$ cat coords.tsv   # TSV, N, CA and C atoms and all ligand atoms
chain	number	residue	atom	x	y	z
V	134	MET	N	91.08	-30.17	133.41
V	134	MET	CA	91.33	-28.99	132.60
V	134	MET	C	90.99	-27.74	133.43
V	135	GLU	N	91.88	-26.77	133.42
V	135	GLU	CA	91.70	-25.58	134.25
V	135	GLU	C	90.53	-24.72	133.73
V	136	GLU	N	89.73	-24.20	134.67
V	136	GLU	CA	88.61	-23.36	134.25
V	136	GLU	C	88.74	-21.97	134.85
V	137	SER	N	88.29	-20.97	134.11
V	137	SER	CA	88.42	-19.60	134.54
V	137	SER	C	87.03	-18.99	134.72
V	138	THR	N	86.94	-17.96	135.57
V	138	THR	CA	85.64	-17.30	135.77
V	138	THR	C	85.18	-16.58	134.50
V	139	ILE	N	86.09	-16.37	133.53
V	139	ILE	CA	85.69	-15.72	132.27
V	139	ILE	C	84.57	-16.50	131.60
V	140	PHE	N	84.59	-17.83	131.74
V	140	PHE	CA	83.55	-18.65	131.11
V	140	PHE	C	82.19	-18.33	131.73
V	141	GLU	N	82.17	-18.18	133.06
V	141	GLU	CA	80.90	-17.91	133.74
V	141	GLU	C	80.33	-16.56	133.33
V	142	ILE	N	81.20	-15.59	133.07
V	142	ILE	CA	80.73	-14.25	132.66
V	142	ILE	C	79.89	-14.36	131.38
V	143	PHE	N	80.29	-15.29	130.49
V	143	PHE	CA	79.59	-15.42	129.21
V	143	PHE	C	78.46	-16.44	129.25
V	144	ASP	N	78.29	-17.13	130.38
V	144	ASP	CA	77.22	-18.12	130.50
V	144	ASP	C	75.87	-17.47	130.27
V	145	GLY	N	75.01	-18.12	129.53
V	145	GLY	CA	73.66	-17.62	129.32
V	145	GLY	C	73.52	-16.68	128.14
V	146	LEU	N	74.65	-16.29	127.55
V	146	LEU	CA	74.58	-15.41	126.37
V	146	LEU	C	74.39	-16.25	125.10
V	147	PRO	N	73.73	-15.70	124.09
V	147	PRO	CA	73.48	-16.49	122.87
V	147	PRO	C	74.76	-16.80	122.10
V	148	ARG	N	75.81	-15.99	122.31
V	148	ARG	CA	77.10	-16.29	121.73
V	148	ARG	C	78.19	-15.62	122.57
V	149	GLN	N	79.44	-15.98	122.31
V	149	GLN	CA	80.53	-15.46	123.13
V	149	GLN	C	81.46	-14.53	122.34
V	150	GLY	N	81.06	-14.18	121.12
V	150	GLY	CA	81.88	-13.32	120.29
V	150	GLY	C	81.05	-12.24	119.64
V	151	PRO	N	81.69	-11.36	118.86
V	151	PRO	CA	81.00	-10.19	118.31
V	151	PRO	C	80.29	-10.41	116.97
V	152	CYS	N	80.29	-11.61	116.44
V	152	CYS	CA	79.78	-11.80	115.07
V	152	CYS	C	78.27	-12.03	115.05
V	153	SER	N	77.76	-12.42	113.89
V	153	SER	CA	76.32	-12.64	113.71
V	153	SER	C	76.15	-13.72	112.64
V	154	ASN	N	74.94	-14.23	112.52
V	154	ASN	CA	74.68	-15.22	111.47
V	154	ASN	C	74.97	-14.64	110.09
V	155	LYS	N	74.71	-13.33	109.97
V	155	LYS	CA	74.96	-12.67	108.68
V	155	LYS	C	76.45	-12.73	108.33
V	156	CYS	N	77.32	-12.45	109.31
V	156	CYS	CA	78.76	-12.47	108.97
V	156	CYS	C	79.27	-13.90	108.83
V	157	THR	N	78.70	-14.83	109.57
V	157	THR	CA	79.06	-16.25	109.37
V	157	THR	C	78.74	-16.65	107.93
V	158	GLU	N	77.54	-16.29	107.50
V	158	GLU	CA	77.09	-16.68	106.16
V	158	GLU	C	77.93	-16.01	105.07
V	159	LYS	N	78.26	-14.73	105.29
V	159	LYS	CA	79.07	-14.00	104.30
V	159	LYS	C	80.43	-14.69	104.14
V	160	ALA	N	81.05	-15.04	105.28
V	160	ALA	CA	82.36	-15.72	105.21
V	160	ALA	C	82.21	-17.09	104.55
V	161	PHE	N	81.17	-17.81	104.91
V	161	PHE	CA	80.98	-19.15	104.34
V	161	PHE	C	80.77	-19.10	102.83
V	162	ARG	N	79.96	-18.13	102.39
V	162	ARG	CA	79.67	-18.01	100.95
V	162	ARG	C	80.89	-17.56	100.15
V	163	SER	N	81.91	-17.04	100.82
V	163	SER	CA	83.11	-16.60	100.11
V	163	SER	C	84.06	-17.78	99.81
V	164	ILE	N	83.75	-18.95	100.35
V	164	ILE	CA	84.58	-20.14	100.06
V	164	ILE	C	84.22	-20.62	98.66
V	165	PRO	N	85.23	-20.69	97.76
V	165	PRO	CA	84.92	-20.98	96.35
V	165	PRO	C	84.26	-22.35	96.16
V	166	TYR	N	84.73	-23.36	96.87
V	166	TYR	CA	84.15	-24.70	96.64
V	166	TYR	C	84.28	-25.54	97.90
V	167	LEU	N	83.20	-26.17	98.25
V	167	LEU	CA	83.21	-27.10	99.38
V	167	LEU	C	82.30	-28.26	98.97
V	168	PRO	N	82.86	-29.47	98.93
V	168	PRO	CA	82.05	-30.58	98.44
V	168	PRO	C	80.88	-30.90	99.36
V	169	GLU	N	79.84	-31.44	98.82
V	169	GLU	CA	78.67	-31.92	99.56
V	169	GLU	C	79.18	-32.92	100.62
V	170	GLY	N	78.66	-32.83	101.82
V	170	GLY	CA	79.04	-33.78	102.87
V	170	GLY	C	80.41	-33.49	103.47
V	171	SER	N	80.88	-32.24	103.36
V	171	SER	CA	82.19	-31.88	103.89
V	171	SER	C	82.27	-32.03	105.40
V	172	LYS	N	83.52	-32.20	105.86
V	172	LYS	CA	83.75	-32.27	107.31
V	172	LYS	C	84.36	-30.93	107.75
V	173	ILE	N	83.67	-30.27	108.66
V	173	ILE	CA	84.11	-28.95	109.14
V	173	ILE	C	84.50	-29.05	110.61
V	174	LEU	N	85.64	-28.43	110.94
V	174	LEU	CA	86.07	-28.35	112.34
V	174	LEU	C	85.86	-26.92	112.81
V	175	ASP	N	85.01	-26.74	113.82
V	175	ASP	CA	84.71	-25.40	114.36
V	175	ASP	C	85.43	-25.27	115.70
V	176	ILE	N	86.50	-24.47	115.71
V	176	ILE	CA	87.38	-24.39	116.89
V	176	ILE	C	87.00	-23.18	117.74
V	177	GLY	N	86.85	-23.39	119.05
V	177	GLY	CA	86.45	-22.30	119.94
V	177	GLY	C	85.00	-21.94	119.67
V	178	CYS	N	84.16	-22.96	119.64
V	178	CYS	CA	82.77	-22.80	119.15
V	178	CYS	C	81.85	-22.10	120.13
V	179	GLY	N	82.21	-22.04	121.43
V	179	GLY	CA	81.28	-21.47	122.40
V	179	GLY	C	79.97	-22.24	122.42
V	180	VAL	N	78.85	-21.54	122.57
V	180	VAL	CA	77.55	-22.23	122.58
V	180	VAL	C	77.06	-22.51	121.15
V	181	GLY	N	77.89	-22.13	120.17
V	181	GLY	CA	77.68	-22.66	118.82
V	181	GLY	C	76.68	-21.96	117.93
V	182	MET	N	76.48	-20.66	118.13
V	182	MET	CA	75.55	-19.99	117.21
V	182	MET	C	76.02	-20.17	115.76
V	183	GLN	N	77.36	-19.99	115.54
V	183	GLN	CA	77.85	-20.15	114.16
V	183	GLN	C	77.87	-21.62	113.76
V	184	THR	N	78.08	-22.53	114.72
V	184	THR	CA	78.08	-23.97	114.39
V	184	THR	C	76.72	-24.35	113.81
V	185	ILE	N	75.68	-23.92	114.50
V	185	ILE	CA	74.32	-24.29	114.10
V	185	ILE	C	73.96	-23.62	112.78
V	186	HIS	N	74.35	-22.37	112.62
V	186	HIS	CA	74.04	-21.70	111.36
V	186	HIS	C	74.79	-22.36	110.20
V	187	LEU	N	76.05	-22.71	110.44
V	187	LEU	CA	76.80	-23.42	109.39
V	187	LEU	C	76.09	-24.73	109.03
V	188	ALA	N	75.63	-25.45	110.04
V	188	ALA	CA	74.94	-26.73	109.77
V	188	ALA	C	73.69	-26.49	108.93
V	189	GLU	N	73.07	-25.34	109.12
V	189	GLU	CA	71.84	-25.04	108.36
V	189	GLU	C	72.12	-24.66	106.90
V	190	ILE	N	73.30	-24.07	106.65
V	190	ILE	CA	73.54	-23.53	105.30
V	190	ILE	C	74.57	-24.34	104.48
V	191	CYS	N	75.18	-25.34	105.08
V	191	CYS	CA	76.33	-25.97	104.42
V	191	CYS	C	75.98	-27.17	103.56
V	192	GLY	N	74.70	-27.43	103.34
V	192	GLY	CA	74.37	-28.66	102.62
V	192	GLY	C	74.42	-29.80	103.62
V	193	ASN	N	75.02	-30.88	103.24
V	193	ASN	CA	74.98	-32.06	104.09
V	193	ASN	C	76.29	-32.25	104.88
V	194	CYS	N	76.87	-31.14	105.37
V	194	CYS	CA	78.16	-31.24	106.05
V	194	CYS	C	78.03	-31.87	107.44
V	195	HIS	N	79.17	-32.26	107.99
V	195	HIS	CA	79.22	-32.66	109.40
V	195	HIS	C	80.21	-31.74	110.11
V	196	ILE	N	79.79	-31.22	111.26
V	196	ILE	CA	80.65	-30.27	111.98
V	196	ILE	C	81.10	-30.87	113.31
V	197	THR	N	82.41	-30.83	113.53
V	197	THR	CA	82.96	-31.18	114.83
V	197	THR	C	83.26	-29.87	115.54
V	198	ALA	N	82.58	-29.64	116.66
V	198	ALA	CA	82.68	-28.37	117.37
V	198	ALA	C	83.50	-28.55	118.64
V	199	VAL	N	84.56	-27.76	118.74
V	199	VAL	CA	85.53	-27.91	119.84
V	199	VAL	C	85.53	-26.68	120.74
V	200	ASP	N	85.53	-26.92	122.02
V	200	ASP	CA	85.71	-25.84	122.98
V	200	ASP	C	86.31	-26.44	124.26
V	201	VAL	N	86.96	-25.61	125.07
V	201	VAL	CA	87.51	-26.10	126.33
V	201	VAL	C	86.47	-26.19	127.44
V	202	TYR	N	85.35	-25.50	127.26
V	202	TYR	CA	84.39	-25.37	128.36
V	202	TYR	C	83.17	-26.24	128.08
V	203	GLN	N	83.03	-27.31	128.84
V	203	GLN	CA	81.97	-28.30	128.58
V	203	GLN	C	80.55	-27.71	128.64
V	204	PRO	N	80.24	-26.81	129.60
V	204	PRO	CA	78.87	-26.27	129.60
V	204	PRO	C	78.48	-25.59	128.29
V	205	TYR	N	79.44	-24.93	127.60
V	205	TYR	CA	79.12	-24.35	126.29
V	205	TYR	C	78.74	-25.46	125.30
V	206	LEU	N	79.48	-26.55	125.35
V	206	LEU	CA	79.21	-27.65	124.41
V	206	LEU	C	77.85	-28.28	124.70
V	207	ASP	N	77.49	-28.37	125.98
V	207	ASP	CA	76.18	-28.93	126.34
V	207	ASP	C	75.06	-28.03	125.80
V	208	THR	N	75.24	-26.71	125.97
V	208	THR	CA	74.23	-25.76	125.47
V	208	THR	C	74.15	-25.84	123.95
V	209	LEU	N	75.31	-25.94	123.32
V	209	LEU	CA	75.35	-26.05	121.85
V	209	LEU	C	74.47	-27.22	121.39
V	210	MET	N	74.62	-28.39	122.03
V	210	MET	CA	73.85	-29.56	121.58
V	210	MET	C	72.36	-29.40	121.87
V	211	GLU	N	72.03	-28.75	122.99
V	211	GLU	CA	70.59	-28.48	123.27
V	211	GLU	C	70.01	-27.59	122.16
V	212	ASN	N	70.76	-26.53	121.80
V	212	ASN	CA	70.28	-25.61	120.76
V	212	ASN	C	70.21	-26.30	119.40
V	213	ALA	N	71.20	-27.17	119.14
V	213	ALA	CA	71.23	-27.88	117.86
V	213	ALA	C	70.03	-28.82	117.75
V	214	LYS	N	69.68	-29.47	118.86
V	214	LYS	CA	68.50	-30.36	118.86
V	214	LYS	C	67.25	-29.55	118.54
V	215	ALA	N	67.14	-28.38	119.18
V	215	ALA	CA	65.96	-27.54	118.96
V	215	ALA	C	65.84	-27.12	117.49
V	216	LYS	N	66.98	-26.98	116.83
V	216	LYS	CA	66.98	-26.57	115.41
V	216	LYS	C	66.98	-27.76	114.45
V	217	GLY	N	67.06	-28.97	115.01
V	217	GLY	CA	67.01	-30.18	114.17
V	217	GLY	C	68.27	-30.46	113.39
V	218	VAL	N	69.44	-29.96	113.87
V	218	VAL	CA	70.69	-30.24	113.16
V	218	VAL	C	71.69	-31.02	114.03
V	219	ASP	N	71.23	-31.53	115.15
V	219	ASP	CA	72.13	-32.21	116.09
V	219	ASP	C	72.75	-33.49	115.51
V	220	ASP	N	72.08	-34.10	114.54
V	220	ASP	CA	72.62	-35.33	113.96
V	220	ASP	C	73.85	-35.07	113.09
V	221	ARG	N	74.13	-33.81	112.78
V	221	ARG	CA	75.30	-33.48	111.96
V	221	ARG	C	76.34	-32.67	112.72
V	222	ILE	N	76.22	-32.70	114.06
V	222	ILE	CA	77.20	-31.98	114.89
V	222	ILE	C	77.71	-32.93	115.98
V	223	THR	N	79.03	-32.94	116.15
V	223	THR	CA	79.65	-33.69	117.25
V	223	THR	C	80.45	-32.68	118.06
V	224	THR	N	80.35	-32.75	119.37
V	224	THR	CA	81.16	-31.85	120.19
V	224	THR	C	82.35	-32.60	120.79
V	225	VAL	N	83.45	-31.88	120.91
V	225	VAL	CA	84.66	-32.44	121.51
V	225	VAL	C	85.23	-31.39	122.46
V	226	ARG	N	85.41	-31.79	123.71
V	226	ARG	CA	86.05	-30.87	124.66
V	226	ARG	C	87.56	-31.03	124.55
V	227	SER	N	88.19	-29.96	124.11
V	227	SER	CA	89.64	-30.01	123.92
V	227	SER	C	90.18	-28.59	123.84
V	228	SER	N	91.44	-28.45	124.18
V	228	SER	CA	92.09	-27.16	123.96
V	228	SER	C	92.54	-27.09	122.51
V	229	MET	N	92.45	-25.90	121.94
V	229	MET	CA	92.80	-25.75	120.52
V	229	MET	C	94.29	-25.98	120.26
V	230	ASP	N	95.12	-25.93	121.29
V	230	ASP	CA	96.54	-26.19	121.06
V	230	ASP	C	96.92	-27.66	121.25
V	231	LYS	N	95.92	-28.51	121.54
V	231	LYS	CA	96.19	-29.96	121.64
V	231	LYS	C	95.04	-30.72	121.00
V	232	LEU	N	94.75	-30.41	119.77
V	232	LEU	CA	93.58	-31.00	119.12
V	232	LEU	C	93.80	-32.49	118.84
V	233	PRO	N	92.81	-33.33	119.17
V	233	PRO	CA	92.98	-34.78	119.02
V	233	PRO	C	92.58	-35.29	117.64
V	234	PHE	N	93.06	-34.61	116.59
V	234	PHE	CA	92.64	-35.00	115.24
V	234	PHE	C	93.87	-35.24	114.36
V	235	GLU	N	93.63	-35.96	113.27
V	235	GLU	CA	94.70	-36.22	112.31
V	235	GLU	C	94.83	-35.05	111.35
V	236	THR	N	96.03	-34.86	110.80
V	236	THR	CA	96.23	-33.89	109.74
V	236	THR	C	95.31	-34.25	108.56
V	237	ARG	N	94.69	-33.27	107.99
V	237	ARG	CA	93.80	-33.44	106.82
V	237	ARG	C	92.52	-34.22	107.13
V	238	GLU	N	92.14	-34.26	108.40
V	238	GLU	CA	90.89	-34.96	108.74
V	238	GLU	C	89.66	-34.15	108.33
V	239	PHE	N	89.86	-32.83	108.16
V	239	PHE	CA	88.72	-31.95	107.86
V	239	PHE	C	88.92	-31.23	106.52
V	240	ASP	N	87.79	-30.87	105.92
V	240	ASP	CA	87.84	-30.13	104.66
V	240	ASP	C	87.95	-28.63	104.92
V	241	LEU	N	87.46	-28.20	106.08
V	241	LEU	CA	87.42	-26.76	106.39
V	241	LEU	C	87.61	-26.57	107.89
V	242	ILE	N	88.45	-25.61	108.24
V	242	ILE	CA	88.62	-25.25	109.65
V	242	ILE	C	88.01	-23.87	109.86
V	243	TRP	N	87.10	-23.80	110.82
V	243	TRP	CA	86.39	-22.56	111.13
V	243	TRP	C	86.82	-22.10	112.51
V	244	ALA	N	87.16	-20.82	112.68
V	244	ALA	CA	87.51	-20.29	114.00
V	244	ALA	C	86.93	-18.88	114.07
V	245	GLU	N	85.69	-18.80	114.49
V	245	GLU	CA	85.00	-17.50	114.46
V	245	GLU	C	85.20	-16.80	115.81
V	246	GLY	N	85.93	-15.69	115.78
V	246	GLY	CA	86.17	-14.94	117.01
V	246	GLY	C	86.98	-15.71	118.04
V	247	SER	N	87.79	-16.66	117.60
V	247	SER	CA	88.50	-17.49	118.58
V	247	SER	C	89.99	-17.67	118.30
V	248	ILE	N	90.44	-17.33	117.10
V	248	ILE	CA	91.84	-17.61	116.77
V	248	ILE	C	92.79	-16.78	117.64
V	249	PHE	N	92.28	-15.65	118.15
V	249	PHE	CA	93.13	-14.78	118.99
V	249	PHE	C	93.63	-15.52	120.22
V	250	VAL	N	92.92	-16.56	120.64
V	250	VAL	CA	93.30	-17.29	121.85
V	250	VAL	C	94.73	-17.81	121.73
V	251	MET	N	95.08	-18.33	120.55
V	251	MET	CA	96.45	-18.83	120.40
V	251	MET	C	97.31	-17.89	119.56
V	252	GLY	N	96.72	-16.85	119.03
V	252	GLY	CA	97.47	-15.92	118.20
V	252	GLY	C	97.23	-16.26	116.74
V	253	PHE	N	97.13	-15.23	115.90
V	253	PHE	CA	96.71	-15.43	114.52
V	253	PHE	C	97.68	-16.32	113.73
V	254	GLU	N	98.97	-16.00	113.81
V	254	GLU	CA	99.95	-16.77	113.01
V	254	GLU	C	100.00	-18.21	113.45
V	255	ARG	N	100.06	-18.42	114.77
V	255	ARG	CA	100.12	-19.79	115.29
V	255	ARG	C	98.82	-20.53	114.95
V	256	GLY	N	97.72	-19.81	115.03
V	256	GLY	CA	96.44	-20.41	114.69
V	256	GLY	C	96.40	-20.88	113.25
V	257	LEU	N	96.93	-20.08	112.34
V	257	LEU	CA	96.95	-20.48	110.94
V	257	LEU	C	97.84	-21.70	110.72
V	258	GLU	N	98.96	-21.73	111.43
V	258	GLU	CA	99.84	-22.91	111.33
V	258	GLU	C	99.12	-24.17	111.74
P	301	LIG	C1	85.28	-15.08	121.87
P	301	LIG	S1	84.61	-16.73	122.12
P	301	LIG	C2	83.94	-17.10	120.50
P	301	LIG	C3	82.89	-18.19	120.58
P	301	LIG	C4	82.11	-18.45	119.30
P	301	LIG	N1	82.97	-18.87	118.22
P	301	LIG	C5	81.33	-17.21	118.90
P	301	LIG	O1	81.70	-16.54	117.91
P	301	LIG	O2	80.34	-16.92	119.59
P	301	LIG	C6	86.09	-17.74	122.21
P	301	LIG	C7	85.79	-19.21	122.53
P	301	LIG	O3	87.02	-19.92	122.60
P	301	LIG	C8	86.96	-20.82	123.69
P	301	LIG	N2	88.33	-21.09	124.13
P	301	LIG	C9	89.12	-20.33	124.92
P	301	LIG	N3	90.33	-20.91	125.07
P	301	LIG	C10	90.27	-22.06	124.33
P	301	LIG	C11	91.21	-23.09	124.08
P	301	LIG	N4	92.45	-23.05	124.59
P	301	LIG	N5	90.85	-24.11	123.28
P	301	LIG	C12	89.58	-24.17	122.76
P	301	LIG	N6	88.66	-23.23	122.96
P	301	LIG	C13	89.00	-22.18	123.74
P	301	LIG	C14	86.10	-20.12	124.73
P	301	LIG	O4	85.54	-21.04	125.65
P	301	LIG	C15	85.08	-19.42	123.86
P	301	LIG	O5	83.95	-20.24	123.65
$ encode --input "coords.tsv" --output "structure tokens" --more "lines below"
Ligand SMILES: C[S@@+](CC[C@H](N)C(=O)[O-])C[C@H]1O[C@@H](n2cnc3c(N)ncnc32)[C@H](O)[C@@H]1O
Amino acid sequence: MEESTIFEIFDGLPRQGPCSNKCTEKAFRSIPYLPEGSKILDIGCGVGMQTIHLAEICGNCHITAVDVYQPYLDTLMENAKAKGVDDRITTVRSSMDKLPFETREFDLIWAEGSIFVMGFERGLE
């Protein structure tokens, strides 16, 4: 998989986008209903600040966190272990335009600060 120096620029930062736990939580709380134990797909997760926060606030959900850059995924799991939510997070290295999942495999798709990578309309499709 091709790698760009853009990834290195963001290495070591607590997140790779402009959001915060507060805005993650606000968006999550706006979802009318999500069953206990839901399966969430977090696309373009970076080092996973929102992944970990979602795991903390979502009840007993399981999150599959996807990114193209493996070092981000490694950091995500280190941080998740430190917060005690690693048992409910799985990381998958994949490009968002070739996701290795079945249709309807997840209850919720999360793309925080990342849908622009493929474009908003295509991302929604
Ligand atoms: C702006 S960052 C947002 C990261 C994280 N969601 C956040 O809010 O901190 C965009 C993320 O998308 C990832 N990314 C870029 N191209 C991608 C692709 N084709 N497939 C999957 N992830 C990709 C980057 O590695 C980066 O982690």
$ residues_around --input "coords.tsv" --residues "region 149-161 of chain V" --least-positions-apart "4" --cutoff "6 Å" --atoms "only N, CA and C atoms" --output "PyMOL selection string"
chain V and resi 179-180+246
$ residues_near_ligand --input "coords.tsv" --ligand "ligand LIG 301 (chain P)" --cutoff "6 Å" --atoms "only C-alpha atoms and all ligand atoms" --output "PyMOL selection string"
chain V and resi 148-150+152+177-179+200-202+227-229+245-247+250
$ write_last_selection --input "coords.tsv" --atoms "N, CA and C atoms" --output "short mmCIF file (atom, residue, chain, number, x, y, z; two decimals), keeping the file's coordinate frame"
data_model
loop_
_atom_site.label_atom_id
_atom_site.label_comp_id
_atom_site.auth_asym_id
_atom_site.auth_seq_id
_atom_site.Cartn_x
_atom_site.Cartn_y
_atom_site.Cartn_z
N ARG V 148 75.81 -15.99 122.31
CA ARG V 148 77.10 -16.29 121.73
C ARG V 148 78.19 -15.62 122.57
N GLN V 149 79.44 -15.98 122.31
CA GLN V 149 80.53 -15.46 123.13
C GLN V 149 81.46 -14.53 122.34
N GLY V 150 81.06 -14.18 121.12
CA GLY V 150 81.88 -13.32 120.29
C GLY V 150 81.05 -12.24 119.64
N CYS V 152 80.29 -11.61 116.44
CA CYS V 152 79.78 -11.80 115.07
C CYS V 152 78.27 -12.03 115.05
N GLY V 177 86.85 -23.39 119.05
CA GLY V 177 86.45 -22.30 119.94
C GLY V 177 85.00 -21.94 119.67
N CYS V 178 84.16 -22.96 119.64
CA CYS V 178 82.77 -22.80 119.15
C CYS V 178 81.85 -22.10 120.13
N GLY V 179 82.21 -22.04 121.43
CA GLY V 179 81.28 -21.47 122.40
C GLY V 179 79.97 -22.24 122.42
N ASP V 200 85.53 -26.92 122.02
CA ASP V 200 85.71 -25.84 122.98
C ASP V 200 86.31 -26.44 124.26
N VAL V 201 86.96 -25.61 125.07
CA VAL V 201 87.51 -26.10 126.33
C VAL V 201 86.47 -26.19 127.44
N TYR V 202 85.35 -25.50 127.26
CA TYR V 202 84.39 -25.37 128.36
C TYR V 202 83.17 -26.24 128.08
N SER V 227 88.19 -29.96 124.11
CA SER V 227 89.64 -30.01 123.92
C SER V 227 90.18 -28.59 123.84
N SER V 228 91.44 -28.45 124.18
CA SER V 228 92.09 -27.16 123.96
C SER V 228 92.54 -27.09 122.51
N MET V 229 92.45 -25.90 121.94
CA MET V 229 92.80 -25.75 120.52
C MET V 229 94.29 -25.98 120.26
N GLU V 245 85.69 -18.80 114.49
CA GLU V 245 85.00 -17.50 114.46
C GLU V 245 85.20 -16.80 115.81
N GLY V 246 85.93 -15.69 115.78
CA GLY V 246 86.17 -14.94 117.01
C GLY V 246 86.98 -15.71 118.04
N SER V 247 87.79 -16.66 117.60
CA SER V 247 88.50 -17.49 118.58
C SER V 247 89.99 -17.67 118.30
N VAL V 250 92.92 -16.56 120.64
CA VAL V 250 93.30 -17.29 121.85
C VAL V 250 94.73 -17.81 121.73
#
$ residues_around --input "coords.tsv" --residues "Asp175 (chain V)" --least-positions-apart "5" --cutoff "8 Å" --atoms "all atoms listed in the file" --output "CSV table (one decimal) with N, CA and C atoms, in the frame of the given file"
chain,number,residue,atom,x,y,z
V,183,GLN,N,77.4,-20.0,115.5
V,183,GLN,CA,77.8,-20.2,114.2
V,183,GLN,C,77.9,-21.6,113.8
V,184,THR,N,78.1,-22.5,114.7
V,184,THR,CA,78.1,-24.0,114.4
V,184,THR,C,76.7,-24.4,113.8
V,195,HIS,N,79.2,-32.3,108.0
V,195,HIS,CA,79.2,-32.7,109.4
V,195,HIS,C,80.2,-31.7,110.1
V,196,ILE,N,79.8,-31.2,111.3
V,196,ILE,CA,80.6,-30.3,112.0
V,196,ILE,C,81.1,-30.9,113.3
V,197,THR,N,82.4,-30.8,113.5
V,197,THR,CA,83.0,-31.2,114.8
V,197,THR,C,83.3,-29.9,115.5
V,198,ALA,N,82.6,-29.6,116.7
V,198,ALA,CA,82.7,-28.4,117.4
V,198,ALA,C,83.5,-28.6,118.6
V,199,VAL,N,84.6,-27.8,118.7
V,199,VAL,CA,85.5,-27.9,119.8
V,199,VAL,C,85.5,-26.7,120.7
V,200,ASP,N,85.5,-26.9,122.0
V,200,ASP,CA,85.7,-25.8,123.0
V,200,ASP,C,86.3,-26.4,124.3
V,241,LEU,N,87.5,-28.2,106.1
V,241,LEU,CA,87.4,-26.8,106.4
V,241,LEU,C,87.6,-26.6,107.9
V,242,ILE,N,88.4,-25.6,108.2
V,242,ILE,CA,88.6,-25.2,109.6
V,242,ILE,C,88.0,-23.9,109.9
V,243,TRP,N,87.1,-23.8,110.8
V,243,TRP,CA,86.4,-22.6,111.1
V,243,TRP,C,86.8,-22.1,112.5
V,244,ALA,N,87.2,-20.8,112.7
V,244,ALA,CA,87.5,-20.3,114.0
V,244,ALA,C,86.9,-18.9,114.1
V,245,GLU,N,85.7,-18.8,114.5
V,245,GLU,CA,85.0,-17.5,114.5
V,245,GLU,C,85.2,-16.8,115.8
$ closest_residue --input "coords.tsv" --among "V:Leu174, V:Pro204, V:Glu258, V:Val218" --to "Phe234 (chain V)" --atoms "only C-alpha atoms"
V:Leu174
$ select_by_dssp --input "coords.tsv" --residues "region 223-252 of chain V" --states "strand (DSSP E or B)" --output "list in words"
Thr223, Thr224, Val225, Arg226, Leu241, Ile242 and Trp243 of chain V
$ atom_distance --input "coords.tsv" --atom1 "atom C of Thr236 (chain V)" --atom2 "atom C of Lys172 (chain V)"
11.5 Å
